Amino acid sequence: MKKSVFGLCVAAMAFTAVPAMAHFQLLYTPEVNLEKPADLQMKMVFWHPMDNGHVMDMEKPEQFYLVHKGKKQDLMEQLAPITFHGVHNEAQAYEATVNVKRNGDYVFALVPAPYYEKSEDIYIQQITKSYINKGGIPTGWNEPLGLATEIVPLNKPTNVVAGSTFSGVLLSDGKPVPGAEIEIEYLAAEPDMAANKPNKDTAASVPGGAIVAITDARGVFTFGIPTAGFWGFAALGSGPAKEHEGKELSQDAVIWVRAYDLQ
């Protein structure tokens, strides 16, 4: 059993010479496991989180909603613009307060407006998911939302154990995507929710460029989670849309999961 799991991890992981400064859409709240009803504060920042780097301006998102027990709740009216004060610059971001009452899984989806990356002359749209659970009762964390492209978790995303593995399946138009690169980043400096700025770094970028896993023939990837905290996974260019306003569009799927140390 141990040998087969190790073999799967080795087969699924690869490290390639892509830039370390990866764009990652953040959809963040500090506590993803709730015991009591709460007004959940969420931050949406387009950032380079692993090296606490440059922050990009966000325009108003196209969609922001949650799914709870199969029911969709539109959250666009809860969005409010903020200024996020990064280490190197500041940029427009968004926040929202969402009331969570009932037990179960809350799957949040953010479809941002395409961002124009001048240095590459392309647009980037990172369709992002994150997860909250109340009461420890699972109610659909492993169900796809029907997004243009998305990563569906194969491990419960709110309590991955550090030292274990996380697996997901990449979908585009609902179909698995084999042979796709998945960029992986650690949230090295979690946002200060009151000050709208990063907290102190807790990690640094690894040498050799971005960490990358490759999906297998079923569209599945696996990554060994080395430490507790928030981990982001991004499939670049996995979406069906390839052009926006006459320029190339990278329509990406992003997912954030939370890992814990065993006590």
# chains A, B, ... in the order shown; residues from 1 in each chain; ligands from 1
>>> select_by_dssp(residues="stretch 96-133 of chain A", states="strand (DSSP E)", output="list of chain:residue names")
A:Ala96, A:Thr97, A:Val98, A:Asn99, A:Val100, A:Gly104, A:Asp105, A:Tyr106, A:Val107, A:Phe108, A:Ala109, A:Leu110, A:Val111, A:Tyr115, A:Tyr116, A:Glu117, A:Ile122, A:Tyr123, A:Ile124, A:Gln125, A:Gln126, A:Ile127, A:Thr128, A:Lys129, A:Ser130, A:Tyr131, A:Ile132, A:Asn133
>>> atom_distance(atom1="atom CA of A:Tyr123", atom2="atom CA of A:Lys247")
7.0 Å
>>> closest_residue(among="A:Gly140, A:Ser130, A:Met50, A:Asn159", to="A:Asn33", atoms="only C-alpha atoms")
A:Asn159
>>> closest_residue(among="A:Gly246, A:Pro49, A:Gly208, A:Pro240", to="A:Asp121", atoms="only C-alpha atoms")
A:Gly246
>>> residues_around(residues="A:Val161", least_positions_apart="4", cutoff="9 Å", atoms="only C-alpha atoms", output="JSON, numbers by chain")
{"A": [165, 166, 225, 227, 228, 258, 259, 260, 261, 262]}
>>> write_last_selection(atoms="N, CA and C atoms", output="JSON list (two decimals), in the first residue's frame")
[["chain", "number", "residue", "atom", "x", "y", "z"],
["A", 165, "THR", "N", -1.13, 13.57, 1.33],
["A", 165, "THR", "CA", -1.22, 14.08, -0.04],
["A", 165, "THR", "C", -2.58, 14.72, -0.29],
["A", 166, "PHE", "N", -2.61, 15.60, -1.28],
["A", 166, "PHE", "CA", -3.86, 16.16, -1.79],
["A", 166, "PHE", "C", -3.97, 15.82, -3.26],
["A", 225, "ILE", "N", 1.63, 17.30, 0.69],
["A", 225, "ILE", "CA", 1.55, 18.55, 1.44],
["A", 225, "ILE", "C", 2.59, 18.53, 2.55],
["A", 227, "THR", "N", 3.60, 20.97, 4.76],
["A", 227, "THR", "CA", 3.45, 21.76, 5.97],
["A", 227, "THR", "C", 2.03, 22.31, 6.07],
["A", 228, "ALA", "N", 1.64, 22.68, 7.29],
["A", 228, "ALA", "CA", 0.30, 23.22, 7.51],
["A", 228, "ALA", "C", 0.15, 24.60, 6.89],
["A", 258, "ARG", "N", -6.89, 23.84, 2.88],
["A", 258, "ARG", "CA", -6.28, 24.13, 4.18],
["A", 258, "ARG", "C", -5.71, 22.85, 4.76],
["A", 259, "ALA", "N", -4.43, 22.90, 5.15],
["A", 259, "ALA", "CA", -3.75, 21.75, 5.77],
["A", 259, "ALA", "C", -3.46, 22.05, 7.23],
["A", 260, "TYR", "N", -3.51, 21.00, 8.05],
["A", 260, "TYR", "CA", -3.25, 21.11, 9.48],
["A", 260, "TYR", "C", -2.19, 20.09, 9.90],
["A", 261, "ASP", "N", -1.43, 20.47, 10.91],
["A", 261, "ASP", "CA", -0.54, 19.51, 11.56],
["A", 261, "ASP", "C", -1.35, 18.62, 12.51],
["A", 262, "LEU", "N", -0.96, 17.37, 12.61],
["A", 262, "LEU", "CA", -1.55, 16.51, 13.63],
["A", 262, "LEU", "C", -1.01, 16.93, 15.00]]
>>> residues_around(residues="stretch 146-150 of chain A", least_positions_apart="4", cutoff="7 Å", atoms="only C-alpha atoms", output="PyMOL selection string")
chain A and resi 170-174+238-240+252-254
>>> atom_distance(atom1="atom CA of A:Leu249", atom2="atom CA of A:Met42")
26.7 Å
>>> closest_residue(among="A:Val107, A:Val206, A:Val177, A:Leu145", to="A:Asn133", atoms="only C-alpha atoms")
A:Val107
>>> residues_around(residues="A:Pro81", least_positions_apart="2", cutoff="12 Å", atoms="only C-alpha atoms", output="number ranges by chain")
A: 42-45, 57-61, 76-79, 83-84, 91-96, 196
>>> write_last_selection(atoms="C-alpha atoms", output="PDB file, in the first residue's frame")
ATOM      1  CA  MET A  42     -13.540  37.073   2.912  1.00  0.00           C
ATOM      2  CA  LYS A  43     -10.754  38.756   0.944  1.00  0.00           C
ATOM      3  CA  MET A  44     -10.228  38.505  -2.820  1.00  0.00           C
ATOM      4  CA  VAL A  45      -6.712  39.547  -3.853  1.00  0.00           C
ATOM      5  CA  ASP A  57      -5.580  45.453  -9.661  1.00  0.00           C
ATOM      6  CA  MET A  58      -8.866  43.576  -9.788  1.00  0.00           C
ATOM      7  CA  GLU A  59     -11.876  44.868 -11.663  1.00  0.00           C
ATOM      8  CA  LYS A  60     -15.335  43.967 -10.386  1.00  0.00           C
ATOM      9  CA  PRO A  61     -15.745  40.163 -10.628  1.00  0.00           C
ATOM     10  CA  MET A  76     -22.361  39.773  -5.849  1.00  0.00           C
ATOM     11  CA  GLU A  77     -24.192  42.312  -3.669  1.00  0.00           C
ATOM     12  CA  GLN A  78     -21.864  41.506  -0.763  1.00  0.00           C
ATOM     13  CA  LEU A  79     -18.770  42.565  -2.727  1.00  0.00           C
ATOM     14  CA  THR A  83      -7.128  48.640  -1.397  1.00  0.00           C
ATOM     15  CA  PHE A  84      -4.712  45.843  -0.527  1.00  0.00           C
ATOM     16  CA  ALA A  91      -3.803  47.445  -5.727  1.00  0.00           C
ATOM     17  CA  GLN A  92      -7.580  47.216  -5.832  1.00  0.00           C
ATOM     18  CA  ALA A  93      -9.012  44.061  -4.328  1.00  0.00           C
ATOM     19  CA  TYR A  94     -12.411  43.017  -2.946  1.00  0.00           C
ATOM     20  CA  GLU A  95     -13.942  41.811   0.279  1.00  0.00           C
ATOM     21  CA  ALA A  96     -17.279  40.373   1.322  1.00  0.00           C
ATOM     22  CA  ASN A 196      -5.711  44.802   4.322  1.00  0.00           C
TER      23      ASN A 196
END
>>> closest_residue(among="A:Glu185, A:Asp51, A:Glu120, A:Asp192", to="A:His88", atoms="only C-alpha atoms")
A:Asp51
>>> decode(residues="stretch 37-100 of chain A", atoms="C-alpha atoms", output="mmCIF file, in the first residue's frame")
data_model
loop_
_atom_site.group_PDB
_atom_site.id
_atom_site.type_symbol
_atom_site.label_atom_id
_atom_site.label_comp_id
_atom_site.auth_asym_id
_atom_site.auth_seq_id
_atom_site.Cartn_x
_atom_site.Cartn_y
_atom_site.Cartn_z
ATOM 1 C CA PRO A 37 -22.872 30.485 13.023
ATOM 2 C CA ALA A 38 -20.683 33.364 11.881
ATOM 3 C CA ASP A 39 -20.460 36.400 9.641
ATOM 4 C CA LEU A 40 -17.556 35.268 7.521
ATOM 5 C CA GLN A 41 -15.192 37.940 6.221
ATOM 6 C CA MET A 42 -13.540 37.073 2.912
ATOM 7 C CA LYS A 43 -10.754 38.756 0.944
ATOM 8 C CA MET A 44 -10.228 38.505 -2.820
ATOM 9 C CA VAL A 45 -6.712 39.547 -3.853
ATOM 10 C CA PHE A 46 -4.858 38.930 -7.133
ATOM 11 C CA TRP A 47 -1.345 38.368 -5.895
ATOM 12 C CA HIS A 48 1.979 36.530 -5.877
ATOM 13 C CA PRO A 49 1.387 34.832 -2.525
ATOM 14 C CA MET A 50 4.338 32.464 -2.180
ATOM 15 C CA ASP A 51 6.925 35.247 -2.321
ATOM 16 C CA ASN A 52 4.622 37.934 -0.875
ATOM 17 C CA GLY A 53 5.157 39.817 -4.112
ATOM 18 C CA HIS A 54 3.437 42.165 -6.523
ATOM 19 C CA VAL A 55 -0.318 42.780 -6.221
ATOM 20 C CA MET A 56 -2.475 43.263 -9.342
ATOM 21 C CA ASP A 57 -5.580 45.453 -9.661
ATOM 22 C CA MET A 58 -8.866 43.576 -9.788
ATOM 23 C CA GLU A 59 -11.876 44.868 -11.663
ATOM 24 C CA LYS A 60 -15.335 43.967 -10.386
ATOM 25 C CA PRO A 61 -15.745 40.163 -10.628
ATOM 26 C CA GLU A 62 -18.136 38.669 -13.135
ATOM 27 C CA GLN A 63 -19.518 36.176 -10.611
ATOM 28 C CA PHE A 64 -19.212 35.465 -6.898
ATOM 29 C CA TYR A 65 -21.428 32.850 -5.275
ATOM 30 C CA LEU A 66 -21.564 29.892 -2.911
ATOM 31 C CA VAL A 67 -23.121 26.454 -3.169
ATOM 32 C CA HIS A 68 -24.480 24.779 -0.038
ATOM 33 C CA LYS A 69 -26.249 21.412 -0.213
ATOM 34 C CA GLY A 70 -26.747 21.849 -3.943
ATOM 35 C CA LYS A 71 -28.302 25.326 -3.689
ATOM 36 C CA LYS A 72 -26.574 28.339 -5.236
ATOM 37 C CA GLN A 73 -26.515 31.706 -3.457
ATOM 38 C CA ASP A 74 -25.459 34.792 -5.416
ATOM 39 C CA LEU A 75 -23.035 36.942 -3.396
ATOM 40 C CA MET A 76 -22.361 39.773 -5.849
ATOM 41 C CA GLU A 77 -24.192 42.312 -3.669
ATOM 42 C CA GLN A 78 -21.864 41.506 -0.763
ATOM 43 C CA LEU A 79 -18.770 42.565 -2.727
ATOM 44 C CA ALA A 80 -17.008 45.773 -1.735
ATOM 45 C CA PRO A 81 -13.792 47.201 -3.228
ATOM 46 C CA ILE A 82 -10.758 47.655 -0.978
ATOM 47 C CA THR A 83 -7.128 48.640 -1.397
ATOM 48 C CA PHE A 84 -4.712 45.843 -0.527
ATOM 49 C CA HIS A 85 -1.346 47.160 0.637
ATOM 50 C CA GLY A 86 1.295 44.699 -0.582
ATOM 51 C CA VAL A 87 4.957 44.798 0.373
ATOM 52 C CA HIS A 88 5.966 46.279 -3.003
ATOM 53 C CA ASN A 89 2.809 48.072 -4.154
ATOM 54 C CA GLU A 90 -0.897 48.450 -3.517
ATOM 55 C CA ALA A 91 -3.803 47.445 -5.727
ATOM 56 C CA GLN A 92 -7.580 47.216 -5.832
ATOM 57 C CA ALA A 93 -9.012 44.061 -4.328
ATOM 58 C CA TYR A 94 -12.411 43.017 -2.946
ATOM 59 C CA GLU A 95 -13.942 41.811 0.279
ATOM 60 C CA ALA A 96 -17.279 40.373 1.322
ATOM 61 C CA THR A 97 -19.089 39.375 4.506
ATOM 62 C CA VAL A 98 -21.103 36.173 4.216
ATOM 63 C CA ASN A 99 -23.442 34.809 6.869
ATOM 64 C CA VAL A 100 -22.979 31.093 7.590
#
